[in-house]
Amino acid sequence: MTPTTADRTSAPQPAGTPSTEAFAAIEAGKPRLAWLRGSLQQLLAAASLIVIVVFFSIASPHFFTANNLISILTAATVTGILALGTTFVIITGGIDLSIGTGMVLCGVMAGVFLTYWGWPLWAGVAATIVFGGLLGLINGMNVSILGIPPFIATLGMMLIAAGLSLVISGTKPIYFNDTPEFQQIMNLSIIPGVRFPLGVVIFVVMIVIAAVVLSKTLIGRYAFSIGSNEQATSLSGVNVRRWKIVIYTMAGLFVGLAGVLSASRLSSAQPTGGMGLELEAIAAVVIGGTSLQGGKGSIIGTVIGALIMAVLTNGLRIISVPQEWQSVAVGIVILVAVYLDMLRRRRA
Amino acid sequence: MTPTTADRTSAPQPAGTPSTEAFAAIEAGKPRLAWLRGSLQQLLAAASLIVIVVFFSIASPHFFTANNLISILTAATVTGILALGTTFVIITGGIDLSIGTGMVLCGVMAGVFLTYWGWPLWAGVAATIVFGGLLGLINGMNVSILGIPPFIATLGMMLIAAGLSLVISGTKPIYFNDTPEFQQIMNLSIIPGVRFPLGVVIFVVMIVIAAVVLSKTLIGRYAFSIGSNEQATSLSGVNVRRWKIVIYTMAGLFVGLAGVLSASRLSSAQPTGGMGLELEAIAAVVIGGTSLQGGKGSIIGTVIGALIMAVLTNGLRIISVPQEWQSVAVGIVILVAVYLDMLRRRRA
Amino acid sequence: MTALLELEGMSKGFPGVQALDDVRLDLRHGEVLALVGENGAGKSTLMKLLAGIYEPDAGTIRLNGRELRIDGPRHAQELGIAIIHQEFNLMPDLTIAQNIFIGRERRVAGTFLDERALNRRARELFDRLGLALDPTERVERLTVARQQMVEIAKALSFDARVLIMDEPTAALNDAEVDVLFGLIERFRTPDTGVIYISHRMEELSRISDRITVLRDGRYIDTLVTADTDQREVISLMVGRPIEGESRPAPRTAPGEPVLTVTGLSTKHLLKDVSFEARAGEILGFAGLMGAGRTEVARAVVGADRRTAGTVTLHGRQVQIQNPADAARLGIGYLSEDRKQLGVLLERSVRENIVLASLRDYVRGVFVSDRRIESTGREYVQKLRIKTPSTAQLVQNLSGGNQQKVVIAKWLAKDCDVLIFDEPTRGIDVGAKDEIHGLLRELAAQGKAIIVISSELPEVLRLSDRIAVMAEGRLTAVLDNADATQENLMEYATRFSAEGTITR
Amino acid sequence: GCANDGGSGSGDASGDGDKPYIALISKGFQHQFWQAVKAGAEQAAEEFDVEISFEGPDTEADVDQQIQMLQTALDKSPAAIGFAALDSQAAGPLLQQAKDSNIPVIAFDSGVESDIPLTTAATDNLAAAAEAAKHMADAVGHEGKVALVVHDQTSVTGQQRRDGFVEYLEENEPNIEIVDIQYGGGDQAKSADLAKAIIAAHPDLKGIYGSNEGSAIGVVQAVKELGVDPATLAVVGFDSGQAQMDAIRDGLMLGAITQNPVGIGYETVKAAVAAINGETLPKTIDTGFFWYDASNIDDEEIQAVLYE
Ligand SMILES: Nc1ncnc2c1ncn2[C@@H]1O[C@H](COP(=O)(O)OP(=O)(O)OP(=O)(O)O)[C@@H](O)[C@H]1O
Ligand SMILES: Nc1ncnc2c1ncn2[C@@H]1O[C@H](COP(=O)(O)OP(=O)(O)OP(=O)(O)O)[C@@H](O)[C@H]1O
Ligand SMILES: [Mg+2]
Ligand SMILES: [Mg+2]
């Protein structure tokens, strides 16, 4: 929230006080250049990712194959979509712990709509996404109207969703036997011959949407503003409560979509699990450079974070690292990647 | 309009809603009286706990019995001790996700010291606690020297510890067959006739120690200062880096002790599990009124938080609520308890 | 003709404090009304009532004769009341343009933001106001003075009828003050009015038409500026007369050098800065905004990285890596940015006061609360910090009183060298005198005091010697006797290498 | 050191290696049971000179993680796959993919509901749980209250070990009342805490059944902590492990059912080798289960299927 000592030293500011014209001059060519500069840095941020990919490609001939790369993207899809929505929440300085079990509950609801109630595919899918939004809405209201700290509000929701999934499903998986097309949502091969699943395409579309919303709409602007200084934002006449509710609800819509995709992938709604997924998604967001203090973050960073996690998990399996060592390796790589990223930023 | 309840708000507080401390402060310059008033309010904070206890006592004759209350305390001991150490970290504005798996790793190390290496009991126990401190030290250095955000630094440690437990133990439990006294640490009945376990006594002692350290020593004072405004604290000549390391290390010592107690309870070091325990401990801290933004918190609050969690879990089982409903109930009660606590503070 | 804005019977209490008690005030069309009073008199509170941040306990507000209730900041904006708060309300992670137009973004197709258009609007605004600000710069990179300019630009960007300025010049230099006064003059039309709060008495006669005085939350009087003597205003404010200003007598025997800085440079700004501070003297630092005075102080205490330069203390060269090292060696630094780098807002007054010297309150391993309380009370009395108790949270104090807390923090620690960066920012005339007295006393005890101030009169009144900076270089070190406002300004505007001197 | 990971050193074996590579995807890897399955599989791998890898998700609720492991295994183009499905239907598309690529699939543990696997090497959990119920009924004198601490409420093994136990009692023991069924995730401390709550709520409880290693040890721990006389409360467990064996020897636990995990692992790899060689296989391979208590725990036949 406040500039750190490091920030202050690193901030490159020319000495003296340039005149207005000088500013105008700098201005003229600036936005474009600054943007270029910004995205170059983001690309550099992807350096860790590239290093990891290169490492695994050398270590195993099975890693850098079309099939395996698609497997990685598929594996990243669900966590990635959760992470996208959570990025907004974290930028406001909040957190959402309910995304994992919330997603599971949404999957169960998809089962209820499509299998128990026999709704048509499109209606069931839409209802599921809306249901996710509803969970987010409740989180948002708890946070912003009742004033419950986000950690607690969403922890409560996490437990409630975990329980409700079991209650509603009767602790049994629900299968989508009546709507066999349902599993196509995630699995349909869009390129004949290659196993490139529709789910990954949806992921890419969601990345684009999230990036636009974050950088080009009021939702994104106010997310940054609230996370940067909530009090000042409120004093500037922005209805902070309402916008927080909007942002949590939007994160909920992403959760709903993730629920559809994960249920589609497994052609079944599994009523358990999901616990721990929230940490994975939040980790992706934070590895991507979004600050848990709020006010700072980017969608591309989150995507890189999600990919780092997915590549690591997959690569370690591909090179058959003993399973007990895998989590040690993931832990170390995360530390090193984030540390290098910090160094780069401090130097920049 | 009431600006949000976010604790960090630096700007003016809304009409008629000053903080509790301000209220206590009216006892112009009478720290003693203010303290009394303060702790009275803490007792009020326990209101939710009392309501829950009364509810279960009425609902089941088996709840309010000496044996069951002791069971509750026993169940609260390990999480509670983890929560005590974490309270300090959270007051600095940090977080420690590694306490759950770190505790498991410490248990495994106790097995290594006592069973594999055959050290005497006292040495093995001391070494385990020190080992916990070492984990905390690494966290602290990652956070304060390398500048890795606490969430990531301790997430990395969480994964590393989870893996190392399996690696070191060979994915098998380690039994304390050579040191049968080891299990007495947690289980010894200190009152003849009643099964009041030593572990609970240790918990109580740790509560007292933590409370004194937090309120009466430099560690506690600097934890509050750092959490309140890290930069201002640093510019006041406080070696913030060093004190952060001290605080993470101290939290690690608590993790080591929790590892000893949990291994002692099961007379074996189980190399799995621990994941999820960190959320439970952090929840206890936050339910107890400590702010994740840092700068605010109390030990008594954490203890109440831990007890609320333990009583809920136990009570719901005692009255045989179907398990799928239990997590729903816990979620709702947490939300309501924290909401009421917020109301009380706002009103005070 | 009805007044533009009329307040009557306004009261507002906080637990333990009656901040306002039956206060009235009227602002006429086209006038600048100055509002003065000691620290904690209730000025900011009154303005926050107008901005819709607090609700009054009692009282009526009339705008153009129409009685109304103000529901919140947004409502105040809609009514045409714009305010510059005493404490900044900026979003550090956003750009200047984003900060200024927050809540008023225009959208393309009802949905999308147009960053270019936003920057264009901001640039138009700055051109109109004659401010040198870069709309795309992120606010966290700005110095306090520039942040103040952003706040001013933001307030003027509203189509406001009533403009309230709560100590806008506290962080500004004379040059910027001139710019601001120009802006105020242009803002003033027959339909508008300005309420102007300041502790700088000499400004009042330049800008205001009338002066309203508050004391202890009560209305005292309203005077017409032209007919009033400054001293009269001060005695109404403080309730007692205040000594006139005098410059220190030339010191006969210069003391031993305590702190010697040689060749100090930083990556972005400072170039080869060398000076020494001697025992028993006050060394003033003057310069324009961004001249690098703050940066010198930060580099000396290790808050910023140095690229070159040595620091010698009592003749021994020392290694200072961070402020903790500096504090251990007895060098204290009071930051100019009170809110971000000075106080712990959510902690008590006494905790803040002993923060730098906390180690002295440890007996064995335990901290002695009793001694902390007694120190706290000592400084509350000494500096007349207006607070119901030492347990009050600092965020509940008025701005000036918060500043006193920060000063107390460094007075409570026994330092050989004290670097005070804008120490009297937001402090009332009476208290300023007392603080100057305290600084003199400290110097007399043999300490070396460095005072960075943007108020030239203050620098002249206080310092034995005056160092002047421009563009990161030291351009002159003058004895007080040789210094005048004119020649200080001249050195402060030497924008090239030719005038650079050493020592 | 890390336990017997000898067989999984190199993942390149399948592509260019001399030995055929078999990927085993289990339902877990951290528990003793799965480690024993792994040991059996490695034993067979040595014997038949094949390369294997053995992986399982962190918890038995992690269907998605298991699917990803299966996907990764397929991407390595193994000679055969051994698979213990957490949810058969969820794995459907991948199993189809295996079939399309002519990779034989062998099911193990609770099996895979599909006709793609060539055979299933498994314990009959329903029958095993019924056996536990029979011993429980004998121990409590065919009347009174009993409770269950089950490791999981959604996995097939959890459900079968619960249902087998419950159904046996309902059909054969009209005077035995099941007062509570709780789920502890197989976590010992959590199972202990909930067993204590059950005992507190039902002071006249006569028996508790723990449905896997962690649950059973948790129950024993609860009995220990409460100081309940083992003569008044019968504890019946499942699986083995040092702690459970000690409890049986100490009289805290009446006895337990053990499966033959080593046999499961061994038979799975053996069947996979047979499938690679194009041999035909029987529809199921029953690896059996055994009741053990203080009387037979040291028998050679029982010792062979117990693990520490
Ligand atoms: N939120 C609050 N809670 C408690 N007391 C408050 C609060 N806000 C202001 N006060 C008290 O009200 C009084 C008036 O404060 P105010 O900020 O209006 O003073 P001021 O005249 O603006 O002073 P300064 O010149 O120092 O800015 C002070 O004593 C202050 O401590
Ligand atoms: N946080 C920061 N990030 C980037 N540049 C900064 C920062 N703080 C200061 N600067 C730059 O350093 C230069 C010197 O600032 P400094 O604060 O030392 O000046 P000063 O003489 O104290 O003036 P004032 O405090 O009145 O602005 C200015 O150009 C300023 O823009
Ligand atoms: Mg004020
Ligand atoms: Mg400055």
# chains A, B, ... in the order shown; residues from 1 in each chain; ligands from 1

$ residues_around --residues "region 106-122 of chain A" --least-positions-apart "3" --cutoff "6 Å" --atoms "only C-alpha atoms" --output "count of residues only"
10

$ select_by_dssp --residues "region 87-259 of chain C" --states "helix (DSSP H, G or I)" --output "VMD selection string"
chain C and resid 96 to 100 115 to 129 139 to 141 144 to 157 174 to 187 201 to 207 225 to 227 230 to 238

$ write_last_selection --atoms "C-alpha atoms" --output "mmCIF file, in the first residue's frame"
data_model
loop_
_atom_site.group_PDB
_atom_site.id
_atom_site.type_symbol
_atom_site.label_atom_id
_atom_site.label_comp_id
_atom_site.auth_asym_id
_atom_site.auth_seq_id
_atom_site.Cartn_x
_atom_site.Cartn_y
_atom_site.Cartn_z
ATOM 1 C CA ILE C 96 -2.141 11.061 -11.059
ATOM 2 C CA ALA C 97 -4.882 11.271 -13.686
ATOM 3 C CA GLN C 98 -6.646 8.219 -12.295
ATOM 4 C CA ASN C 99 -6.516 9.731 -8.832
ATOM 5 C CA ILE C 100 -7.945 13.036 -9.910
ATOM 6 C CA GLU C 115 -6.903 6.012 -20.569
ATOM 7 C CA ARG C 116 -5.730 8.446 -23.224
ATOM 8 C CA ALA C 117 -8.788 10.625 -22.895
ATOM 9 C CA LEU C 118 -8.346 10.581 -19.142
ATOM 10 C CA ASN C 119 -4.750 11.702 -19.426
ATOM 11 C CA ARG C 120 -5.755 14.335 -21.925
ATOM 12 C CA ARG C 121 -8.360 15.698 -19.552
ATOM 13 C CA ALA C 122 -5.805 15.769 -16.764
ATOM 14 C CA ARG C 123 -3.280 17.509 -18.929
ATOM 15 C CA GLU C 124 -5.846 20.127 -19.915
ATOM 16 C CA LEU C 125 -6.566 20.664 -16.259
ATOM 17 C CA PHE C 126 -2.880 21.054 -15.428
ATOM 18 C CA ASP C 127 -2.376 23.444 -18.325
ATOM 19 C CA ARG C 128 -5.283 25.504 -17.125
ATOM 20 C CA LEU C 129 -3.895 25.546 -13.600
ATOM 21 C CA VAL C 139 1.286 8.789 -7.097
ATOM 22 C CA GLU C 140 3.445 6.600 -4.847
ATOM 23 C CA ARG C 141 6.470 8.020 -6.597
ATOM 24 C CA VAL C 144 4.843 15.035 -0.308
ATOM 25 C CA ALA C 145 4.792 18.441 -1.966
ATOM 26 C CA ARG C 146 3.774 17.005 -5.309
ATOM 27 C CA GLN C 147 1.104 14.892 -3.671
ATOM 28 C CA GLN C 148 -0.236 18.110 -2.211
ATOM 29 C CA MET C 149 -0.340 19.623 -5.711
ATOM 30 C CA VAL C 150 -2.319 16.598 -6.910
ATOM 31 C CA GLU C 151 -4.822 17.097 -4.098
ATOM 32 C CA ILE C 152 -5.159 20.743 -5.055
ATOM 33 C CA ALA C 153 -5.635 19.925 -8.719
ATOM 34 C CA LYS C 154 -8.241 17.344 -7.771
ATOM 35 C CA ALA C 155 -10.224 19.776 -5.670
ATOM 36 C CA LEU C 156 -10.124 22.396 -8.412
ATOM 37 C CA SER C 157 -11.226 19.895 -11.020
ATOM 38 C CA ASP C 174 7.214 29.731 -1.183
ATOM 39 C CA ALA C 175 7.253 29.278 -4.940
ATOM 40 C CA GLU C 176 4.467 26.740 -4.842
ATOM 41 C CA VAL C 177 2.542 28.824 -2.388
ATOM 42 C CA ASP C 178 2.563 31.607 -4.969
ATOM 43 C CA VAL C 179 1.192 29.201 -7.560
ATOM 44 C CA LEU C 180 -1.521 28.112 -5.155
ATOM 45 C CA PHE C 181 -2.545 31.676 -4.339
ATOM 46 C CA GLY C 182 -2.799 32.404 -8.022
ATOM 47 C CA LEU C 183 -5.124 29.434 -8.360
ATOM 48 C CA ILE C 184 -7.254 30.611 -5.479
ATOM 49 C CA GLU C 185 -7.551 34.070 -6.985
ATOM 50 C CA ARG C 186 -8.700 32.588 -10.256
ATOM 51 C CA PHE C 187 -11.153 30.309 -8.531
ATOM 52 C CA MET C 201 0.006 33.796 9.753
ATOM 53 C CA GLU C 202 1.797 35.808 7.096
ATOM 54 C CA GLU C 203 -0.310 34.077 4.439
ATOM 55 C CA LEU C 204 -3.547 35.311 5.926
ATOM 56 C CA SER C 205 -3.074 38.924 5.017
ATOM 57 C CA ARG C 206 -2.071 37.966 1.494
ATOM 58 C CA ILE C 207 -5.038 35.800 0.671
ATOM 59 C CA THR C 225 -8.276 40.973 7.633
ATOM 60 C CA ALA C 226 -7.492 44.432 6.377
ATOM 61 C CA ASP C 227 -8.285 46.015 9.726
ATOM 62 C CA GLN C 230 -1.416 39.631 12.974
ATOM 63 C CA ARG C 231 -0.609 39.772 16.661
ATOM 64 C CA GLU C 232 -4.255 40.333 17.503
ATOM 65 C CA VAL C 233 -5.271 37.185 15.629
ATOM 66 C CA ILE C 234 -2.605 35.202 17.398
ATOM 67 C CA SER C 235 -3.632 36.351 20.815
ATOM 68 C CA LEU C 236 -7.260 35.491 20.035
ATOM 69 C CA MET C 237 -6.159 32.027 18.946
ATOM 70 C CA VAL C 238 -3.838 31.264 21.782
#

$ residues_near_ligand --ligand "ligand 1" --cutoff "6 Å" --atoms "only C-alpha atoms and all ligand atoms" --output "ChimeraX atom specification"
/B:12-13 /C:14,17,19,38-45,386-387,396-401

$ interface_residues --of "chain A" --to "chain D" --cutoff "8 Å" --atoms "only C-alpha atoms" --output "list in words"
Ser60, Pro61, His62, Asn67, Asn68, Ser71, Ala75, Thr171, Lys172, Pro173, Tyr175, Ser262, Arg265, Leu266, Ser267, Ser268, Gln270, Pro271, Thr272, Gly273, Gly274, Asn314, Arg317, Ile318, Ile319, Ser320, Val321, Pro322 and Gln323 of chain A

$ residues_near_ligand --ligand "ligand 4" --cutoff "7 Å" --atoms "only C-alpha atoms and all ligand atoms" --output "MDAnalysis selection string"
chainID C and resid 289:290 292:294 336 421

$ write_last_selection --atoms "C-alpha atoms" --output "compact mmCIF listing (two decimals), in the first residue's frame"
# COMPACT_ATOMS: atom_id res chain seq x y z
CA MET C 289 10.77 21.23 -3.90
CA GLY C 290 12.71 18.18 -5.01
CA GLY C 292 17.16 16.69 -2.52
CA ARG C 293 17.13 17.74 1.11
CA THR C 294 14.97 14.81 2.18
CA GLU C 336 8.49 14.73 6.50
CA ASP C 421 12.53 17.09 8.13

$ interface_residues --of "chain B" --to "chain A" --cutoff "6 Å" --atoms "only C-alpha atoms" --output "count of residues only"
15

$ interface_residues --of "chain C" --to "chain A" --cutoff "9 Å" --atoms "only C-alpha atoms" --output "PyMOL selection string"
chain C and resi 51+53+72-77+88-94+98-99+101-105+107+111-116+123+126-127+130-136+140-141+266-270+289-292+303-305+340+470-472+495

$ write_last_selection --atoms "C-alpha atoms" --output "mmCIF file, in the first residue's frame"
data_model
loop_
_atom_site.group_PDB
_atom_site.id
_atom_site.type_symbol
_atom_site.label_atom_id
_atom_site.label_comp_id
_atom_site.auth_asym_id
_atom_site.auth_seq_id
_atom_site.Cartn_x
_atom_site.Cartn_y
_atom_site.Cartn_z
ATOM 1 C CA ALA C 51 -17.551 17.255 3.606
ATOM 2 C CA ILE C 53 -17.503 12.608 6.680
ATOM 3 C CA GLY C 72 -21.781 11.704 2.636
ATOM 4 C CA PRO C 73 -18.758 12.685 0.580
ATOM 5 C CA ARG C 74 -20.583 12.064 -2.666
ATOM 6 C CA HIS C 75 -23.468 14.267 -1.603
ATOM 7 C CA ALA C 76 -21.070 17.033 -0.591
ATOM 8 C CA GLN C 77 -19.485 16.849 -4.040
ATOM 9 C CA PHE C 88 -3.805 13.130 1.859
ATOM 10 C CA ASN C 89 -6.459 10.899 0.457
ATOM 11 C CA LEU C 90 -4.682 9.486 -2.544
ATOM 12 C CA MET C 91 -4.408 6.028 -4.015
ATOM 13 C CA PRO C 92 -0.654 5.456 -4.256
ATOM 14 C CA ASP C 93 -0.927 2.666 -6.828
ATOM 15 C CA LEU C 94 -2.916 4.737 -9.309
ATOM 16 C CA GLN C 98 -6.646 8.219 -12.295
ATOM 17 C CA ASN C 99 -6.516 9.731 -8.832
ATOM 18 C CA PHE C 101 -10.882 11.625 -11.812
ATOM 19 C CA ILE C 102 -11.666 8.660 -9.590
ATOM 20 C CA GLY C 103 -15.402 8.197 -9.458
ATOM 21 C CA ARG C 104 -15.866 10.466 -12.494
ATOM 22 C CA GLU C 105 -14.450 8.310 -15.264
ATOM 23 C CA ARG C 107 -16.663 5.555 -20.579
ATOM 24 C CA THR C 111 -18.315 0.253 -20.605
ATOM 25 C CA PHE C 112 -14.729 0.872 -21.491
ATOM 26 C CA LEU C 113 -12.316 3.304 -19.961
ATOM 27 C CA ASP C 114 -10.222 5.440 -22.211
ATOM 28 C CA GLU C 115 -6.903 6.012 -20.569
ATOM 29 C CA ARG C 116 -5.730 8.446 -23.224
ATOM 30 C CA ARG C 123 -3.280 17.509 -18.929
ATOM 31 C CA PHE C 126 -2.880 21.054 -15.428
ATOM 32 C CA ASP C 127 -2.376 23.444 -18.325
ATOM 33 C CA GLY C 130 -0.299 25.950 -14.710
ATOM 34 C CA LEU C 131 0.923 22.911 -12.798
ATOM 35 C CA ALA C 132 3.865 20.780 -13.849
ATOM 36 C CA LEU C 133 2.490 17.326 -13.229
ATOM 37 C CA ASP C 134 2.726 14.236 -15.389
ATOM 38 C CA PRO C 135 -0.732 12.609 -15.517
ATOM 39 C CA THR C 136 0.670 9.120 -16.063
ATOM 40 C CA GLU C 140 3.445 6.600 -4.847
ATOM 41 C CA ARG C 141 6.470 8.020 -6.597
ATOM 42 C CA THR C 266 22.764 8.591 -4.744
ATOM 43 C CA LYS C 267 21.787 6.861 -7.920
ATOM 44 C CA HIS C 268 19.152 9.288 -9.071
ATOM 45 C CA LEU C 269 19.700 12.633 -7.467
ATOM 46 C CA LEU C 270 22.443 13.548 -5.047
ATOM 47 C CA MET C 289 10.769 21.229 -3.899
ATOM 48 C CA GLY C 290 12.708 18.178 -5.006
ATOM 49 C CA ALA C 291 16.067 19.796 -4.373
ATOM 50 C CA GLY C 292 17.157 16.687 -2.521
ATOM 51 C CA ALA C 303 17.006 4.606 4.546
ATOM 52 C CA ASP C 304 18.122 4.972 0.934
ATOM 53 C CA ARG C 305 21.082 3.407 -0.755
ATOM 54 C CA GLN C 340 3.227 7.069 5.919
ATOM 55 C CA ALA C 470 19.469 22.779 -5.806
ATOM 56 C CA GLU C 471 19.084 19.777 -8.074
ATOM 57 C CA GLY C 472 20.773 17.405 -5.711
ATOM 58 C CA PHE C 495 20.451 24.957 -11.639
#

$ atom_distance --atom1 "CA of Thr424 (chain C)" --atom2 "CA of Ala170 (chain C)"
8.6 Å

$ atom_distance --atom1 "CA of Tyr21 (chain D)" --atom2 "CA of Ile72 (chain A)"
22.2 Å

$ residues_around --residues "region 183-197 of chain A" --least-positions-apart "3" --cutoff "7 Å" --atoms "only C-alpha atoms" --output "PyMOL selection string"
chain A and resi 70+180+200+261+264-265+267

$ atom_distance --atom1 "CA of Gly342 (chain C)" --atom2 "CA of Val406 (chain C)"
6.3 Å

$ select_by_dssp --residues "region 70-274 of chain A" --states "strand (DSSP E or B)" --output "ChimeraX atom specification"
/A:174-175,189,197,217,268-269

$ residues_around --residues "region 189-193 of chain C" --least-positions-apart "2" --cutoff "12 Å" --atoms "only C-alpha atoms" --output "ChimeraX atom specification"
/C:2-6,26-34,63-64,80-82,159-165,183-187,195-196,208-210

$ residues_around --residues "Glu301 (chain D)" --least-positions-apart "3" --cutoff "12 Å" --atoms "only C-alpha atoms" --output "MDAnalysis selection string"
chainID D and resid 258 260 289:292 296:298 304:306

$ write_last_selection --atoms "N, CA and C atoms" --output "PDB file, in the first residue's frame"
ATOM      1  N   THR D 258      -7.575 -57.727   7.838  1.00  0.00           N
ATOM      2  CA  THR D 258      -6.502 -57.225   6.988  1.00  0.00           C
ATOM      3  C   THR D 258      -6.727 -57.708   5.573  1.00  0.00           C
ATOM      4  N   ASN D 260      -4.866 -57.996   1.705  1.00  0.00           N
ATOM      5  CA  ASN D 260      -3.567 -58.499   1.293  1.00  0.00           C
ATOM      6  C   ASN D 260      -2.962 -57.512   0.316  1.00  0.00           C
ATOM      7  N   PHE D 289      -9.020 -61.580   2.138  1.00  0.00           N
ATOM      8  CA  PHE D 289      -8.853 -60.811   3.366  1.00  0.00           C
ATOM      9  C   PHE D 289      -8.831 -61.777   4.535  1.00  0.00           C
ATOM     10  N   PHE D 290      -8.363 -61.305   5.658  1.00  0.00           N
ATOM     11  CA  PHE D 290      -8.190 -62.181   6.816  1.00  0.00           C
ATOM     12  C   PHE D 290      -8.605 -61.472   8.090  1.00  0.00           C
ATOM     13  N   TRP D 291      -9.231 -62.195   8.996  1.00  0.00           N
ATOM     14  CA  TRP D 291      -9.478 -61.679  10.346  1.00  0.00           C
ATOM     15  C   TRP D 291      -8.301 -62.069  11.207  1.00  0.00           C
ATOM     16  N   TYR D 292      -7.769 -61.108  11.920  1.00  0.00           N
ATOM     17  CA  TYR D 292      -6.706 -61.469  12.855  1.00  0.00           C
ATOM     18  C   TYR D 292      -6.967 -60.834  14.203  1.00  0.00           C
ATOM     19  N   ASN D 296      -4.329 -65.296  16.619  1.00  0.00           N
ATOM     20  CA  ASN D 296      -3.632 -65.778  15.414  1.00  0.00           C
ATOM     21  C   ASN D 296      -2.648 -64.778  14.833  1.00  0.00           C
ATOM     22  N   ILE D 297      -2.437 -63.685  15.563  1.00  0.00           N
ATOM     23  CA  ILE D 297      -1.635 -62.616  14.961  1.00  0.00           C
ATOM     24  C   ILE D 297      -0.220 -63.063  14.621  1.00  0.00           C
ATOM     25  N   ASP D 298       0.307 -64.038  15.340  1.00  0.00           N
ATOM     26  CA  ASP D 298       1.674 -64.452  15.072  1.00  0.00           C
ATOM     27  C   ASP D 298       1.769 -65.636  14.120  1.00  0.00           C
ATOM     28  N   ALA D 304       2.298 -62.903   7.004  1.00  0.00           N
ATOM     29  CA  ALA D 304       2.665 -62.655   5.617  1.00  0.00           C
ATOM     30  C   ALA D 304       1.860 -61.516   5.014  1.00  0.00           C
ATOM     31  N   VAL D 305       0.625 -61.292   5.500  1.00  0.00           N
ATOM     32  CA  VAL D 305      -0.185 -60.242   4.901  1.00  0.00           C
ATOM     33  C   VAL D 305      -0.221 -58.972   5.749  1.00  0.00           C
ATOM     34  N   LEU D 306       0.410 -59.001   6.918  1.00  0.00           N
ATOM     35  CA  LEU D 306       0.448 -57.780   7.729  1.00  0.00           C
ATOM     36  C   LEU D 306       1.651 -56.937   7.325  1.00  0.00           C
TER      37      LEU D 306
END

$ closest_residue --among "C:Glu434, C:Glu486, C:Asp57, C:Asp166" --to "ligand 3" --atoms "only C-alpha atoms and all ligand atoms"
C:Asp166
